[in-house]
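Shown next, in structure tokens, is the structure this report addresses.
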Protein chains: 2
Amino acid sequence: MEKNLAEITGQKAASHPKVDRRRAPETAERILDAAEMLFSWRGFYGVSLREIAAEANVKLALTHYHFGSKENLFSAVIDRRAADHAARIERALEQAMAVTGARRERREAILSALIATIVDRAMRGGPGWKNYVRLLAFVANHPQEEEYVSPFRTHYDHVIHDFVDALSALHPEMAALDVQWGFFFFQAATTHILVESGMLDRQSGGALLSSDLDALVDRMVPFFAAGFMGLGAGD
Amino acid sequence: MEKNLAEITGQKAASHPKVDRRRAPETAERILDAAEMLFSWRGFYGVSLREIAAEANVKLALTHYHFGSKENLFSAVIDRRAADHAARIERALEQAMAVTGARRERREAILSALIATIVDRAMRGGPGWKNYVRLLAFVANHPQEEEYVSPFRTHYDHVIHDFVDALSALHPEMAALDVQWGFFFFQAATTHILVESGMLDRQSGGALLSSDLDALVDRMVPFFAAGFMGLGAGD
DNA sequence: GTCTATAATGGGATAGAC
DNA sequence: GTCTATCCCATTATAGAC
């Protein structure tokens with residue numbers, strides 16, 4: 001069961017020049033890159049520090065020197081990007097709330113602020129970001145009882161709260177709980193899709209690709225914006 | 001292979017036949033129950049056979065005696081319920097396709113055939129079913145590259161295909177790919193929600209409960225039925 | 001900071017008595 | 001079918017040389 005993941009997925013951790021000029025600062029980064037990639041595919045339990053060290057071309061002991069423990073390394077992977085990522089999403093939400101026009105369009109702008117910002121990082125932020133986004137979605141799909149999800153919560157809980165507030169302000173005619181339901185459905189689909197489980201590819205026979213995230217956004221935003229009307233949103 | 005030890009040793013035979021027949025099936029069932037529960041929370045890698053044996057009040061060696069290997073045990077957990085479960089969903093779909101009325105209602109009936117049937121098993125099938133449904137959703141959220149997802153695919157891929165067909169037949173005015181997108185969104189939200197990640201509870205401050213799946217169905221079906229109108233479905 | 005070596009533990013799997 | 005005992009290997013983590 002433990003096959004070489006790089007061969008299967010054709011993926012590598014974020015690449016760095018082979019020739020090391022300054023090893024010291026780069027080593028920790030390489031370990032983070034490797035951990036980010038491997039954790040994003042198999043989760044916390046499915047990856048060993050040995051695999052991470054090998055993927056990073058680093059000796060095993062260095063993972064402990066730089067990060068102390070496996071759990072610490074996992075947290076470090078998230079902490080490297082989470083604050084910046086959450087801030088980007090918050091900024092996009094602010095811009096979306098400044099949009100004027102029909103409420104349907106304003107609703108779409110809000111939803112797009114979340115999914116399009118995430119997709120932008122995954123598609124145009126470099127290979128590390130793609131892995132990070134997958135990891136983010138992966139963790140979001142796990143029970144909150146797991147300890148390793150807590151770093152994720154501290155960074156993103158308030159973001160989600162702000163989105164619900166924005167939608168509630170846009171739709172005073174809706175019951176507050178219905179707004180929460182609707183956004184939860186949107187968020188649920190988002191996190192499922194971004195793990196790239198490959199289901200979409202298989203079910204469509206390749207006509208729809210999980211990797212084509214831009215096409216995803218174009219379908220997802222109008223679909224979910226319309227969904228709110230099923231819960232009583234006036235158009 | 002599995003000879004009766006009493007015959008070989010010449011000891012008395014018929015002393016415990018009833019006890020053996022009662023115990024034999026029960027042990028394997030207890031192991032399956034424990035594995036089902038633990039796998040559903042922490043996944044394949046996050047659980048050890050020792051934990052499973054302890055949870056089942058059984059010695060470690062018995063897990064190997066009854067199931068051979070860890071992978072085999074995982075498959076056995078799925079095989080115990082998957083065929084019955086898939087058949088229930090298929091039957092519900094057939095009944096939904098017999099519904100007459102407005103297309104919106106027929107669309108809701110189809111979506112409900114999936115989610116309500118799953119929720120029915122989770123809520124009213126007993127504790128084992130609740131764990132199975134969580135495991136089902138858990139695995140659906142994992143990359144298809146993982147080998148342990150294949151037993152799920154063989155049991156459920158055709159079910160999903162039939163749902164897409166039913167929706168496509170209902171909406172000839174929609175592009176076939178858009179129907180696939182819409183159902184994929186629905187399925188994505190379904191699998192995310194059923195892992196009971198606890199997000200909903202946290203975000204709503206307890207006003208919405210992940211465990212209240214019946215309330216979920218009441219919101220989810222109209223929401224996603226309306227979503228299709230965002231992709232060009234005539235009402 | 002990086003290396004080799006090793007401790008200490010837990011993992012899956014098996015043998016053989018009963 | 002169930003038990004005890006054990007093998008063998010992978011795991012996380014640490015010690016100490018350089």
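Here's how to read the names in the structure tokens: chain A, B, ... by the order shown, residue numbers from 1 in each chain, ligand numbers from 1 in the order shown.
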
Check: If we count only C-alpha atoms (C1' of nucleotides), what is near Gln203 of chain B at a cut-off of 12 Å, once residues fewer than 3 positions away on the same chain are taken out, given as a ChimeraX atom specification?
Finding: /A:153,156-165,177,179-181,183-184,187 /B:197-200,206-210

Go ahead and write the selection's residues with N, CA, C and O atoms as a short mmCIF file (atom, residue, chain, number, x, y, z; two decimals), in the first residue's frame.
data_model
loop_
_atom_site.label_atom_id
_atom_site.label_comp_id
_atom_site.auth_asym_id
_atom_site.auth_seq_id
_atom_site.Cartn_x
_atom_site.Cartn_y
_atom_site.Cartn_z
N ARG A 153 -8.48 25.62 12.54
CA ARG A 153 -9.65 26.35 13.06
C ARG A 153 -9.30 27.75 13.49
O ARG A 153 -10.02 28.71 13.20
N TYR A 156 -9.16 30.09 10.40
CA TYR A 156 -10.24 30.26 9.44
C TYR A 156 -11.63 30.43 10.04
O TYR A 156 -12.56 30.80 9.32
N ASP A 157 -11.79 30.16 11.31
CA ASP A 157 -13.14 30.24 11.88
C ASP A 157 -13.75 31.63 11.71
O ASP A 157 -14.93 31.77 11.35
N HIS A 158 -12.98 32.65 11.96
CA HIS A 158 -13.55 34.00 11.87
C HIS A 158 -13.86 34.38 10.42
O HIS A 158 -14.77 35.17 10.16
N VAL A 159 -13.11 33.83 9.49
CA VAL A 159 -13.39 34.10 8.08
C VAL A 159 -14.79 33.60 7.73
O VAL A 159 -15.60 34.31 7.11
N ILE A 160 -15.06 32.39 8.11
CA ILE A 160 -16.36 31.81 7.81
C ILE A 160 -17.47 32.63 8.46
O ILE A 160 -18.52 32.90 7.85
N HIS A 161 -17.22 33.04 9.67
CA HIS A 161 -18.21 33.85 10.38
C HIS A 161 -18.52 35.14 9.62
O HIS A 161 -19.68 35.55 9.50
N ASP A 162 -17.48 35.76 9.07
CA ASP A 162 -17.69 37.01 8.33
C ASP A 162 -18.51 36.79 7.06
O ASP A 162 -19.29 37.65 6.65
N PHE A 163 -18.33 35.66 6.44
CA PHE A 163 -19.12 35.38 5.23
C PHE A 163 -20.59 35.21 5.58
O PHE A 163 -21.46 35.70 4.86
N VAL A 164 -20.86 34.51 6.64
CA VAL A 164 -22.25 34.34 7.06
C VAL A 164 -22.87 35.70 7.38
O VAL A 164 -24.02 35.99 7.00
N ASP A 165 -22.11 36.55 8.04
CA ASP A 165 -22.62 37.89 8.36
C ASP A 165 -22.93 38.67 7.09
O ASP A 165 -23.97 39.35 7.00
N LEU A 177 -30.88 31.28 10.41
CA LEU A 177 -30.40 29.90 10.36
C LEU A 177 -30.36 29.37 8.93
O LEU A 177 -29.50 28.57 8.59
N VAL A 179 -29.65 31.11 6.30
CA VAL A 179 -28.44 31.63 5.69
C VAL A 179 -27.25 30.76 6.08
O VAL A 179 -26.39 30.42 5.25
N GLN A 180 -27.22 30.40 7.34
CA GLN A 180 -26.13 29.53 7.79
C GLN A 180 -26.14 28.18 7.08
O GLN A 180 -25.09 27.68 6.68
N TRP A 181 -27.33 27.62 6.92
CA TRP A 181 -27.42 26.36 6.18
C TRP A 181 -26.84 26.53 4.78
O TRP A 181 -26.03 25.74 4.32
N PHE A 183 -24.80 28.72 3.43
CA PHE A 183 -23.35 28.90 3.33
C PHE A 183 -22.62 27.63 3.71
O PHE A 183 -21.58 27.29 3.14
N PHE A 184 -23.19 26.91 4.65
CA PHE A 184 -22.57 25.64 5.02
C PHE A 184 -22.55 24.67 3.85
O PHE A 184 -21.56 23.97 3.63
N GLN A 187 -19.80 25.79 1.54
CA GLN A 187 -18.50 25.48 2.12
C GLN A 187 -18.22 23.98 2.08
O GLN A 187 -17.09 23.54 1.81
N SER B 197 -18.04 16.59 10.64
CA SER B 197 -16.78 17.22 11.03
C SER B 197 -16.97 18.15 12.22
O SER B 197 -16.01 18.56 12.84
N GLY B 198 -18.20 18.47 12.53
CA GLY B 198 -18.44 19.32 13.68
C GLY B 198 -18.41 20.80 13.35
O GLY B 198 -18.64 21.64 14.22
N MET B 199 -18.10 21.12 12.10
CA MET B 199 -18.02 22.53 11.71
C MET B 199 -19.34 23.25 11.90
O MET B 199 -19.39 24.37 12.38
N LEU B 200 -20.40 22.59 11.48
CA LEU B 200 -21.70 23.23 11.55
C LEU B 200 -22.05 23.58 12.98
O LEU B 200 -22.51 24.69 13.27
N GLY B 206 -24.13 26.02 18.02
CA GLY B 206 -25.01 24.99 18.54
C GLY B 206 -26.45 25.09 18.05
O GLY B 206 -27.27 24.22 18.32
N ALA B 207 -26.75 26.17 17.32
CA ALA B 207 -28.12 26.33 16.82
C ALA B 207 -28.44 25.28 15.75
O ALA B 207 -29.57 24.82 15.63
N LEU B 208 -27.42 24.93 14.96
CA LEU B 208 -27.57 23.86 13.98
C LEU B 208 -26.68 22.70 14.41
O LEU B 208 -25.51 22.89 14.74
N LEU B 209 -27.23 21.51 14.39
CA LEU B 209 -26.47 20.36 14.86
C LEU B 209 -26.20 19.38 13.74
O LEU B 209 -27.11 18.99 13.00
N SER B 210 -24.94 18.99 13.63
CA SER B 210 -24.57 17.99 12.64
C SER B 210 -25.33 16.69 12.87
O SER B 210 -25.61 15.95 11.94
#

Check: Superposing chain B on chain A by least squares with every Cα paired in order, what RMSD results?
Finding: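 With chain B fitted onto chain A, the C-alpha RMSD reads 9.6 Å.
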
Notebook entry, point to check: Mind listing as a PyMOL selection string which residues of chain D are within 12 Å of chain A, counting only C-alpha atoms (C1' of nucleotides)?
Noted result: chain D and resi 10-15

Next item on the list: Show me which bits of chain C are within 10 Å of chain A, counting only C-alpha atoms (C1' of nucleotides), as a list in words.
Entry: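 Selected residues: DG1, DT2, DC3 and DT4 of chain C.
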
Write a file of the selected residues as a compact mmCIF listing (two decimals), in the first residue's frame, keeping C-alpha atoms (C1' of nucleotides).
# COMPACT_ATOMS: atom_id res chain seq x y z
C1' DG C 1 23.28 22.62 11.13
C1' DT C 2 24.14 18.23 9.72
C1' DC C 3 25.58 13.73 10.28
C1' DT C 4 25.61 8.54 12.05

Would you mind listing, as a PDB file with C-alpha atoms, in the first residue's frame, all residues of chain B that have at least one atom within 6 Å of chain A, where only C-alpha atoms are what counts?
ATOM      1  CA  TYR B  45      -3.933   4.709   8.554  1.00  0.00           C
ATOM      2  CA  GLY B  46      -5.100   6.219  11.820  1.00  0.00           C
ATOM      3  CA  HIS B 142     -10.069  10.893  -0.073  1.00  0.00           C
ATOM      4  CA  PRO B 143      -8.043  10.891  -3.269  1.00  0.00           C
ATOM      5  CA  GLN B 144      -8.878   8.054  -5.581  1.00  0.00           C
ATOM      6  CA  PHE B 185     -22.039  19.713  -6.086  1.00  0.00           C
ATOM      7  CA  ALA B 188     -19.839  16.851  -2.630  1.00  0.00           C
ATOM      8  CA  ALA B 189     -21.865  18.581   0.036  1.00  0.00           C
ATOM      9  CA  HIS B 192     -18.693  16.410   3.466  1.00  0.00           C
ATOM     10  CA  SER B 197     -16.781  17.221  11.029  1.00  0.00           C
ATOM     11  CA  GLY B 198     -18.439  19.323  13.680  1.00  0.00           C
ATOM     12  CA  PRO B 222     -34.799  22.552  -1.702  1.00  0.00           C
ATOM     13  CA  PHE B 223     -31.471  24.340  -1.702  1.00  0.00           C
ATOM     14  CA  PHE B 224     -29.863  22.056  -4.246  1.00  0.00           C
ATOM     15  CA  ALA B 226     -32.990  25.435  -6.700  1.00  0.00           C
ATOM     16  CA  GLY B 227     -29.303  25.409  -7.515  1.00  0.00           C
ATOM     17  CA  GLY B 230     -28.556  28.603 -11.732  1.00  0.00           C
ATOM     18  CA  LEU B 231     -27.180  26.253 -14.383  1.00  0.00           C
TER      19      LEU B 231
END
